[in-house]
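Shown next: structure-v8.cif, containing mmCIF, C-alpha atoms.
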```cif
data_my_file
loop_
_atom_site.group_PDB
_atom_site.id
_atom_site.type_symbol
_atom_site.label_atom_id
_atom_site.label_comp_id
_atom_site.auth_asym_id
_atom_site.auth_seq_id
_atom_site.Cartn_x
_atom_site.Cartn_y
_atom_site.Cartn_z
ATOM 1 C CA MET A 1 9.374 -30.410 -5.729
ATOM 2 C CA LYS A 2 6.885 -31.395 -3.023
ATOM 3 C CA ASN A 3 6.310 -27.702 -2.171
ATOM 4 C CA CYS A 4 5.781 -26.896 -5.840
ATOM 5 C CA LYS A 5 3.087 -29.588 -6.142
ATOM 6 C CA LEU A 6 1.439 -28.400 -2.912
ATOM 7 C CA SER A 7 1.485 -24.799 -4.199
ATOM 8 C CA LEU A 8 -0.103 -25.784 -7.492
ATOM 9 C CA ALA A 9 -2.769 -27.906 -5.774
ATOM 10 C CA LEU A 10 -3.712 -25.104 -3.354
ATOM 11 C CA LEU A 11 -3.839 -22.532 -6.151
ATOM 12 C CA ALA A 12 -6.021 -24.813 -8.294
ATOM 13 C CA GLY A 13 -8.376 -25.299 -5.345
ATOM 14 C CA LEU A 14 -8.605 -21.569 -4.715
ATOM 15 C CA LEU A 15 -9.256 -20.689 -8.334
ATOM 16 C CA SER A 16 -11.773 -23.468 -8.981
ATOM 17 C CA CYS A 17 -13.900 -23.236 -5.815
ATOM 18 C CA ALA A 18 -13.740 -19.692 -4.526
ATOM 19 C CA PRO A 19 -15.265 -17.744 -7.462
ATOM 20 C CA VAL A 20 -18.473 -19.799 -7.281
ATOM 21 C CA PHE A 21 -19.220 -18.640 -3.729
ATOM 22 C CA ALA A 22 -17.402 -15.299 -3.636
ATOM 23 C CA THR A 23 -19.333 -12.078 -3.294
ATOM 24 C CA SER A 24 -16.225 -9.942 -3.664
ATOM 25 C CA VAL A 25 -13.093 -10.394 -5.731
ATOM 26 C CA THR A 26 -9.941 -8.314 -5.404
ATOM 27 C CA ALA A 27 -7.098 -8.416 -7.927
ATOM 28 C CA SER A 28 -3.935 -6.625 -6.917
ATOM 29 C CA GLY A 29 -0.372 -6.139 -8.031
ATOM 30 C CA GLY A 30 2.714 -4.122 -7.443
ATOM 31 C CA ASP A 31 6.434 -4.068 -7.983
ATOM 32 C CA GLY A 32 7.015 -7.734 -8.776
ATOM 33 C CA SER A 33 3.830 -9.155 -7.266
ATOM 34 C CA VAL A 34 0.383 -10.263 -8.308
ATOM 35 C CA GLY A 35 -2.461 -11.486 -6.117
ATOM 36 C CA ILE A 36 -6.119 -12.397 -5.944
ATOM 37 C CA ASP A 37 -8.534 -12.568 -3.000
ATOM 38 C CA PHE A 38 -12.083 -13.881 -2.696
ATOM 39 C CA GLY A 39 -14.442 -12.795 0.092
ATOM 40 C CA VAL A 40 -17.611 -14.539 1.267
ATOM 41 C CA PRO A 41 -19.974 -13.286 3.995
ATOM 42 C CA LEU A 42 -20.828 -16.206 6.291
ATOM 43 C CA THR A 43 -23.371 -14.407 8.485
ATOM 44 C CA THR A 44 -24.164 -10.806 9.296
ATOM 45 C CA GLY A 45 -20.902 -9.466 10.669
ATOM 46 C CA LEU A 46 -18.692 -12.475 9.771
ATOM 47 C CA ARG A 47 -16.698 -12.943 6.548
ATOM 48 C CA ALA A 48 -14.265 -15.550 5.204
ATOM 49 C CA ASP A 49 -11.474 -14.708 2.746
ATOM 50 C CA LEU A 50 -9.208 -16.840 0.569
ATOM 51 C CA GLY A 51 -6.166 -15.374 -1.131
ATOM 52 C CA TYR A 52 -3.030 -15.986 -3.148
ATOM 53 C CA LEU A 53 -0.003 -13.717 -3.669
ATOM 54 C CA LYS A 54 2.996 -14.396 -5.922
ATOM 55 C CA THR A 55 6.173 -12.324 -5.528
ATOM 56 C CA ASP A 56 9.087 -12.346 -7.954
ATOM 57 C CA ASP A 57 12.638 -13.500 -7.304
ATOM 58 C CA ARG A 58 13.731 -10.063 -6.064
ATOM 59 C CA ARG A 59 11.160 -10.422 -3.259
ATOM 60 C CA GLY A 60 11.788 -13.983 -2.128
ATOM 61 C CA ASP A 61 10.187 -15.775 -5.073
ATOM 62 C CA ALA A 62 7.277 -16.593 -2.771
ATOM 63 C CA ASP A 63 3.907 -18.247 -3.214
ATOM 64 C CA ILE A 64 1.696 -17.079 -0.348
ATOM 65 C CA TYR A 65 -1.687 -18.659 0.407
ATOM 66 C CA SER A 66 -4.075 -17.283 2.995
ATOM 67 C CA ALA A 67 -7.416 -18.011 4.612
ATOM 68 C CA ALA A 68 -8.998 -15.502 7.010
ATOM 69 C CA LEU A 69 -12.010 -15.263 9.277
ATOM 70 C CA MET A 70 -12.953 -11.642 9.954
ATOM 71 C CA VAL A 71 -15.527 -10.044 12.243
ATOM 72 C CA VAL A 72 -17.111 -7.057 10.464
ATOM 73 C CA PRO A 73 -19.118 -4.919 12.924
ATOM 74 C CA ALA A 74 -22.010 -2.896 11.533
ATOM 75 C CA SER A 75 -20.898 0.706 11.122
ATOM 76 C CA ARG A 76 -22.502 3.493 9.152
ATOM 77 C CA ASP A 77 -19.458 5.539 8.187
ATOM 78 C CA ILE A 78 -16.207 3.789 9.057
ATOM 79 C CA HIS A 79 -15.718 0.261 7.779
ATOM 80 C CA TRP A 80 -13.505 -1.795 10.077
ATOM 81 C CA GLU A 81 -12.869 -5.461 10.777
ATOM 82 C CA ILE A 82 -10.784 -7.612 13.065
ATOM 83 C CA GLY A 83 -9.852 -11.277 12.951
ATOM 84 C CA ALA A 84 -7.338 -14.009 12.264
ATOM 85 C CA ARG A 85 -5.610 -15.091 9.070
ATOM 86 C CA TYR A 86 -3.661 -18.282 8.431
ATOM 87 C CA GLN A 87 -0.941 -17.728 5.869
ATOM 88 C CA TYR A 88 1.335 -20.343 4.302
ATOM 89 C CA GLN A 89 4.502 -18.941 2.717
ATOM 90 C CA ASP A 90 6.552 -21.016 0.290
ATOM 91 C CA ALA A 91 9.557 -18.735 -0.264
ATOM 92 C CA ARG A 92 13.037 -19.138 -1.683
ATOM 93 C CA TYR A 93 14.424 -18.937 1.864
ATOM 94 C CA ALA A 94 12.157 -21.507 3.554
ATOM 95 C CA SER A 95 8.522 -22.562 3.941
ATOM 96 C CA GLY A 96 6.055 -22.364 6.769
ATOM 97 C CA GLY A 97 2.862 -20.824 7.978
ATOM 98 C CA GLY A 98 1.151 -19.214 10.885
ATOM 99 C CA VAL A 99 -1.930 -17.521 12.248
ATOM 100 C CA GLY A 100 -1.755 -13.743 12.101
ATOM 101 C CA LEU A 101 -3.943 -11.490 14.209
ATOM 102 C CA GLY A 102 -5.041 -8.102 12.918
ATOM 103 C CA GLY A 103 -7.601 -6.116 11.038
ATOM 104 C CA SER A 104 -8.354 -3.265 8.696
ATOM 105 C CA VAL A 105 -10.048 0.116 8.578
ATOM 106 C CA ASP A 106 -11.459 2.246 5.743
ATOM 107 C CA VAL A 107 -12.370 5.858 6.593
ATOM 108 C CA PRO A 108 -14.288 8.324 4.376
ATOM 109 C CA THR A 109 -12.404 11.523 3.517
ATOM 110 C CA GLY A 110 -15.347 13.878 3.103
ATOM 111 C CA ILE A 111 -15.205 13.390 -0.658
ATOM 112 C CA ARG A 112 -18.002 10.913 -1.309
ATOM 113 C CA TRP A 113 -16.039 8.609 -3.639
ATOM 114 C CA LEU A 114 -12.685 8.731 -1.815
ATOM 115 C CA SER A 115 -11.517 6.936 1.340
ATOM 116 C CA ILE A 116 -8.249 6.180 3.090
ATOM 117 C CA GLY A 117 -7.425 3.052 5.008
ATOM 118 C CA GLY A 118 -5.066 0.267 5.790
ATOM 119 C CA TYR A 119 -4.609 -3.128 7.351
ATOM 120 C CA GLY A 120 -2.122 -4.991 9.452
ATOM 121 C CA PHE A 121 -1.492 -8.539 10.660
ATOM 122 C CA TYR A 122 1.147 -9.794 13.072
ATOM 123 C CA THR A 123 2.009 -13.489 13.266
ATOM 124 C CA PRO A 124 3.693 -14.339 16.600
ATOM 125 C CA SER A 125 6.131 -17.236 16.802
ATOM 126 C CA ALA A 126 3.769 -19.115 19.154
ATOM 127 C CA LEU A 127 1.247 -19.453 16.289
ATOM 128 C CA THR A 128 3.588 -20.660 13.510
ATOM 129 C CA ASN A 129 4.566 -23.971 11.980
ATOM 130 C CA GLY A 130 7.287 -25.157 9.610
ATOM 131 C CA ASP A 131 10.227 -22.787 9.188
ATOM 132 C CA MET A 132 8.273 -19.596 9.891
ATOM 133 C CA GLY A 133 9.514 -17.783 13.014
ATOM 134 C CA HIS A 134 7.230 -14.736 13.032
ATOM 135 C CA GLY A 135 6.089 -12.111 10.570
ATOM 136 C CA TYR A 136 4.045 -9.055 9.787
ATOM 137 C CA ASP A 137 2.103 -7.690 6.851
ATOM 138 C CA TYR A 138 0.728 -4.149 6.743
ATOM 139 C CA ALA A 139 -0.470 -1.662 4.139
ATOM 140 C CA ALA A 140 -1.862 1.841 3.728
ATOM 141 C CA GLN A 141 -4.051 2.704 0.770
ATOM 142 C CA LEU A 142 -6.220 5.282 -0.924
ATOM 143 C CA ARG A 143 -9.482 3.923 -2.376
ATOM 144 C CA VAL A 144 -11.572 5.460 -5.169
ATOM 145 C CA ARG A 145 -15.121 4.159 -5.583
ATOM 146 C CA LEU A 146 -16.126 3.980 -9.234
ATOM 147 C CA GLY A 147 -19.632 2.719 -8.550
ATOM 148 C CA ARG A 148 -21.690 0.988 -5.944
ATOM 149 C CA SER A 149 -19.688 -2.249 -6.081
ATOM 150 C CA VAL A 150 -16.439 -1.359 -7.876
ATOM 151 C CA SER A 151 -13.408 0.437 -6.474
ATOM 152 C CA VAL A 152 -9.743 0.871 -7.333
ATOM 153 C CA PHE A 153 -6.979 1.402 -4.800
ATOM 154 C CA GLY A 154 -3.317 2.204 -4.532
ATOM 155 C CA GLY A 155 -0.853 2.465 -1.696
ATOM 156 C CA TYR A 156 2.113 0.859 0.041
ATOM 157 C CA ARG A 157 2.571 -2.691 1.404
ATOM 158 C CA HIS A 158 5.267 -4.283 3.549
ATOM 159 C CA MET A 159 5.392 -8.021 4.258
ATOM 160 C CA ARG A 160 8.341 -9.341 6.271
ATOM 161 C CA THR A 161 8.936 -12.812 7.734
ATOM 162 C CA GLU A 162 11.620 -14.290 9.933
ATOM 163 C CA PHE A 163 12.407 -17.876 8.975
ATOM 164 C CA ASP A 164 14.091 -20.329 11.336
ATOM 165 C CA GLY A 165 17.710 -20.689 10.248
ATOM 166 C CA ALA A 166 17.326 -18.292 7.311
ATOM 167 C CA GLY A 167 16.891 -14.904 9.016
ATOM 168 C CA SER A 168 14.394 -12.111 8.389
ATOM 169 C CA HIS A 169 13.407 -11.269 4.799
ATOM 170 C CA ASP A 170 11.044 -8.923 2.986
ATOM 171 C CA LEU A 171 8.657 -10.943 0.841
ATOM 172 C CA TYR A 172 7.141 -7.721 -0.466
ATOM 173 C CA LYS A 173 7.889 -4.048 0.136
ATOM 174 C CA GLY A 174 6.670 -1.321 -2.155
ATOM 175 C CA PRO A 175 3.756 0.128 -4.074
ATOM 176 C CA MET A 176 0.534 -1.777 -4.590
ATOM 177 C CA PHE A 177 -2.566 -1.188 -6.666
ATOM 178 C CA GLY A 178 -5.703 -3.126 -7.489
ATOM 179 C CA ILE A 179 -9.396 -3.353 -8.173
ATOM 180 C CA ASN A 180 -12.203 -4.702 -5.993
ATOM 181 C CA VAL A 181 -15.537 -5.890 -7.362
ATOM 182 C CA GLY A 182 -18.368 -6.849 -5.031
ATOM 183 C CA LEU A 183 -19.566 -5.960 -1.564
#
```
Rewrite the structure from the file as structure tokens, please.
Amino acid sequence: MKNCKLSLALLAGLLSCAPVFATSVTASGGDGSVGIDFGVPLTTGLRADLGYLKTDDRRGDADIYSAALMVVPASRDIHWEIGARYQYQDARYASGGGVGLGGSVDVPTGIRWLSIGGYGFYTPSALTNGDMGHGYDYAAQLRVRLGRSVSVFGGYRHMRTEFDGAGSHDLYKGPMFGINVGL
């Protein structure tokens, strides 16, 4: 019950505060999941993100909250970033969080409106708390730009966490799709 109240409080905070300051919003979903992310540039080359992902009972019945700080180097063609992301996972198996290290890349294909990319984060056991042992989250995606500030994407995502005393479990594994509006 305490975790449920914490989950609801964090989600309410994300949804009430983040859209006011966000310059990009991403809504995504997949096989039994739905998520939302808000991005805010802090300075030139530095961005903060807040996110929430809900997976269904086949995928761990998890509520996943994240906050990231990403370095975004200026690049003319290839968009890439690197940074750290704290993620709290309240799953059917256990609850805990940790700081994941990783980044993303988005590469043009030669077709002006089409790019391919992906991201990955690894959370080592030395940077976890609660019942989280270690985990990883990675994805590959194809992005179609519909306009200057709107794009849709689809691809594959795999999120797996090892929980102390509960073993290693997939919290999401499968297709993903979504829309991004903003920078």
**Report entry** Nearest to Tyr86 (chain A), chosen from A:Asp131, A:Asp170, A:Asp49, A:Asp31, with only C-alpha atoms counted in the distances
**Finding:** A:Asp49
Query raised in the report: Mind telling me what the PyMOL selection byres ((chain A and resi 125) around 12) catches here, as a ChimeraX atom specification?
Result: /A:96-101,122-124,126-136,161-164
Query raised in the report: Selected by the PyMOL selection byres ((chain A and resi 107-110) around 12) in the shown coordinates: which residues, as number ranges by chain?
Result: A: 75-80, 104-106, 111-119, 140-145
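Across A:Leu146, A:Ala84, A:Met70, A:Ile64, the tightest approach to Leu171 (chain A) is made by A:Ile64 when counting all atoms listed in the file.
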Query - Exercise: Thr44 (chain A) partners within 10 Å, all atoms listed in the file, chain neighbours under 2 positions left out, as a PyMOL selection string - result: chain A and resi 41-42+46-47+71-74
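Interatomic distance, CA of Gly51 (chain A) against CA of Ala139 (chain A): 15.8 Å.
In this model, the gap between CA of Ser151 (chain A) and CA of Asp56 (chain A) comes to 25.9 Å.
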Report summary line: Judged by all atoms listed in the file, the minimum distance to Gly178 (chain A) among A:Gly83, A:Gly165, A:Gly39, A:Gly29 is found for A:Gly29
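Coordinates place CA of Gln89 (chain A) at a distance of 13.3 Å from CA of Ser168 (chain A).
Here the residues that fall within 6 Å of (4.1, -18.7, -6.5), using only C-alpha atoms, are given as Lys54, Ala62 and Asp63 of chain A.
Applied to the shown file, the PyMOL selection byres ((chain A and resi 58) around 9) selects the residues Gly32, Thr55, Asp56, Asp57, Arg59, Gly60, Asp61, Leu171 and Tyr172 of chain A.
Residues with any atom within 9 Å of Pro175 (chain A), counting all atoms listed in the file and excluding same-chain neighbours fewer than 3 positions away, are Gly29, Gly30, Asp31, Gly154, Gly155, Tyr156, Arg157 and His158 of chain A.
Nearest to Gly182 (chain A) of all the residues A:Leu53, A:Ala27, A:Val34, A:Ala91 is A:Ala27, counting only C-alpha atoms.
Proximity to Asp37 (chain A) was assessed for A:Tyr138, A:Val181, A:Gly103, A:Lys173 counting only C-alpha atoms; the smallest distance is recorded for A:Val181.
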Scan for residues within 6 Å of the point (-16.3, -11.3, -5.7) in the coordinates of the file, using all atoms listed in the file, and reply as a CSV table (one decimal) with C-alpha atoms, in the frame of the given file.
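Output below, filename out.csv:
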```
chain,number,residue,atom,x,y,z
A,22,ALA,CA,-17.4,-15.3,-3.6
A,23,THR,CA,-19.3,-12.1,-3.3
A,24,SER,CA,-16.2,-9.9,-3.7
A,25,VAL,CA,-13.1,-10.4,-5.7
A,38,PHE,CA,-12.1,-13.9,-2.7
A,181,VAL,CA,-15.5,-5.9,-7.4
A,182,GLY,CA,-18.4,-6.8,-5.0
```
